Amino acid sequence: MRTISRRDFLKSAAAGAMGVAVAGVLGACGGEAAATAAEATTAAETTAANTTAEASAAAAPEGTTAGGEAPGGEGGGPGGPGGPGGQGGQTTKEVLIDASDPFRVTGEDGKTVYYSMRRTWVGEPPVIADSDIAGEYSADIIIVGANYSGANCFRMACEKGAVCIVMDSQAEDSFSSFGGQLGHFNSQWQEKVLGIPKDYFDPLDFIDSYQLQSAGRAQPDLIRQFAHRNGEIVDWITELYDDVTAITSQDAIDPDSDYNYKKGYFMTYPACLNLGSGNFQSSGEFCKASVARGIEASQGSQAFYSMSAKVLIRDGSRVTGVIAQSLEDEKYYRFLAKKGVVLATGDFSANSDMYRSLCTEVQECNPYTDLTGAGWDGYGHRMGVWAGAVMELGPRAAMGGATSSLPMGFFGAAAGLWINKYGKRYCNEAFGVPFVAGCQSARQPIDSAIIQVWDEGHWREFAKNQALGHFNASDITEAKMDQYAESLKEIRAAGAEGVKGVYCADTLEELAGYLGLEGEYAKNFVESVQTYDAYAAAGRDEDYAKPADMMFRISEGPFYAEKLTRNANIVLVTLAGLFVDGNQQCLDQNFEPIPGLYATGNASGGRFPLQYTAPMNGISIGFATVFGALLGEHLAQKE
């Protein structure tokens with residue numbers, strides 16, 4: 001193995017590679033130089049302003065600051081005290097970099113650290129001179145991003161007595177938000193609009209079910225807080241509305257329904273409200289109103305729209321502020337925080353480089369696709385990494401892709417009988433109810449059809465007893481069933497032509513032909529349906545152990561089937577974020593909290609640690625709004 005010393009490596013690095021030098025940001029320090037890297041082989045050597053001391057920095061998100069202290073925690077860089085970085089002003093130990101493997105660094109003690117997040121997506125932080133700073137602002141809390149999580153973090157912190165600044169790159173007059181469905185349970189709105197008592201759901205059921213659905217990988221304290229307090233926070237959120245009963249619902253259930261909210265192994269919830277309803281025409285208007293309410297509650301608090309954050313400011317290991325550029329006058333401004341900086345900057349699905357590198361499961365399920373989604377560019381994640389934070393551990397989730405290749409059609413993503421291009425059933429469709437089950441669809445041949453099958457005799461029972469999870473049929477009223485019945489009449493009349501990919505036939509053999517299945521594949525189809533029906537009748541799935549309460553017979557013709565395309569490359573936003581603890585404080589490479597740095601919403605991890613799993617419609621925005629508000633409360637109360 002060819003090795004060179006850290007000092008020699010730094011001295012031989014290309015001029016101008018990586019570095020942030022903000023002279024005079026903190027008078028006592030005389031300036032700050034922070035270095036990070038796009039690759040572990042990149043490094044820089046900068047001179048701190050107004051000093052003669054050399055400030056070397058190892059190449060990586062975990063690089064040291066001008067004082068020589070690792071940015072990720074109190075105990076130095078990788079390896080703890082005395083490792084790379086040492087303590088402020090002290091001579092650092094030599095670190096050996098394996099030139100043949102740029103993601104491996106070996107310290108003098110022989111310990112090896114792999115930095116799996118060192119990829120081209122990290123990029124270089126901008127270098128902004130002190131002379132370029134046009135003005136300075138300070139507050140208790142600086143929040144970067146004014147959408148669901150940031151707006152509610154700001155409002156809550158302001159109402160709890162903190163002086164806050166929130167900034168967003170969007171202009172105020174054209175401000176918009178993605179989506180608008182807020183999933184939760186046990187709110188006053190749930191009681192008044194859906195007729196379900198406010199205390200109906202047990203928070204412990206949610207904790208147990210969600211961690212089961214997440215393979216125990218979700219951040220336990222985050223899930224605990226959401227379970228116990230989400231209804232309370234939604235009550236607070238909906239104070240912005242003139243009339244709570246005017247907020248429309250994503251879900252509809254007959255009042256006298258005996259619907260069981262536990263489906264198979266997992267809980268499901270009906271309480272999904274539409275933020276862009278009532279007195280708000282859009283969810284973006286709701287977010288702006290949240291910010292305005294915060295300003296009303298806190299003298300001195302401010303909102304800066306058309307303000308784009310560029311780089312975090314650090315004093316040693318502590319994050320103390322952010323430098324941002326106004327998109328109106330193109331000048332830079334310094335924002336200093338007494339208690340903390342919050343990254344509420346959204347996702348990274350619009351950054352294909354980040355998306356491909358971080359959401360590897362989604363990419364590997366779509367090997368010929370250049371991944372891109374409908375969200376943001378991940379700049380907030382990158383700022384956090386430049387300051388010493390790391391991404392949450394993989395696999396990293398997206399809303400769609402690796403685990404949501406579902407037959408989303410006539411009955412939504414119903415967990416009925418799923419059949420592939422070979423005419424074969426291939427999984428327990430109810431597992432994950434049914435989102436995690438979608439991973440099995442994503443693993444079918446790329447050109448596979450995903451076929452959903454049902455019959456005339458049992459479709460109402462089937463449709464009315466699905467989980468109310470994301471993409472499922474959320475309206476299960478009798479009125480909706482009557483609408484389905486009219487559509488099915490049209491499909492029956494269409495015969496082999498079908499209607500929007502849905503076909504009906506008197507026999508399974510005939511139906512297989514309509515679907516384009518021939519020979520062995522057609523035979524497989526008929527056998528798969530008949531076997532499934534036998535299991536449903538017996539209440540025991542001998543193949544995949546599907547719970548009996550999620551199996552419905554397919555025995556009374558005519559028979560229906562919907563042929564859909566495997567859709568693993570349909571992705572809305574990414575859901576992976578920076579590694580955080582239960583207080584949403586960012587963690588460093590050693591999993592230690594970074595003083596002063598927090599992440600919430602889609603900039604934070606811990607919420608969807610396996611892949612997107614949704615026991616209710618709108619859980620992503622539900623998490624964002626609730627966790628944003630809880631973080632605002634925590635920081636406002638922080639000494």
# chains A, B, ... in the order shown; residues from 1 in each chain; ligands from 1
$ residues_around --residues "region 474-490 of chain A" --least-positions-apart "2" --cutoff "7 Å" --atoms "only C-alpha atoms" --output "list in words"
Gln250, Asp251, Ala252, Ile253, Asp254, Arg460, Lys464, Leu468, Asn472, Arg492, Ala493 and Ala494 of chain A
$ closest_atom_pairs --of "region 279-336 of chain A" --to "region 224-246 of chain A" --cutoff "10 Å" --atoms "only C-alpha atoms" --output "JSON lines"
{"residue": "A:Asn279", "atom": "CA", "partner": "A:Tyr241", "partner_atom": "CA", "distance": 6.2}
{"residue": "A:Phe280", "atom": "CA", "partner": "A:Tyr241", "partner_atom": "CA", "distance": 7.9}
{"residue": "A:Phe286", "atom": "CA", "partner": "A:Leu240", "partner_atom": "CA", "distance": 8.1}
{"residue": "A:Ala289", "atom": "CA", "partner": "A:Leu240", "partner_atom": "CA", "distance": 7.4}
{"residue": "A:Ser290", "atom": "CA", "partner": "A:Leu240", "partner_atom": "CA", "distance": 7.5}
{"residue": "A:Arg293", "atom": "CA", "partner": "A:Leu240", "partner_atom": "CA", "distance": 8.2}
$ closest_residue --among "A:Asn147, A:Gln530, A:Gln299, A:Asn186" --to "Phe559 (chain A)" --atoms "only C-alpha atoms"
A:Gln530
$ residues_around --residues "Glu392 (chain A)" --least-positions-apart "3" --cutoff "7 Å" --atoms "only C-alpha atoms" --output "VMD selection string"
chain A and resid 576 to 579 605
$ closest_residue --among "A:Val571, A:Ala297, A:Val341, A:Ala548" --to "Cys158 (chain A)" --atoms "only C-alpha atoms"
A:Ala297
$ atom_distance --atom1 "CA of Val580 (chain A)" --atom2 "CA of Ser138 (chain A)"
24.8 Å
$ closest_residue --among "A:Ala522, A:Leu406, A:Leu275, A:Ala414" --to "Gln181 (chain A)" --atoms "only C-alpha atoms"
A:Leu275
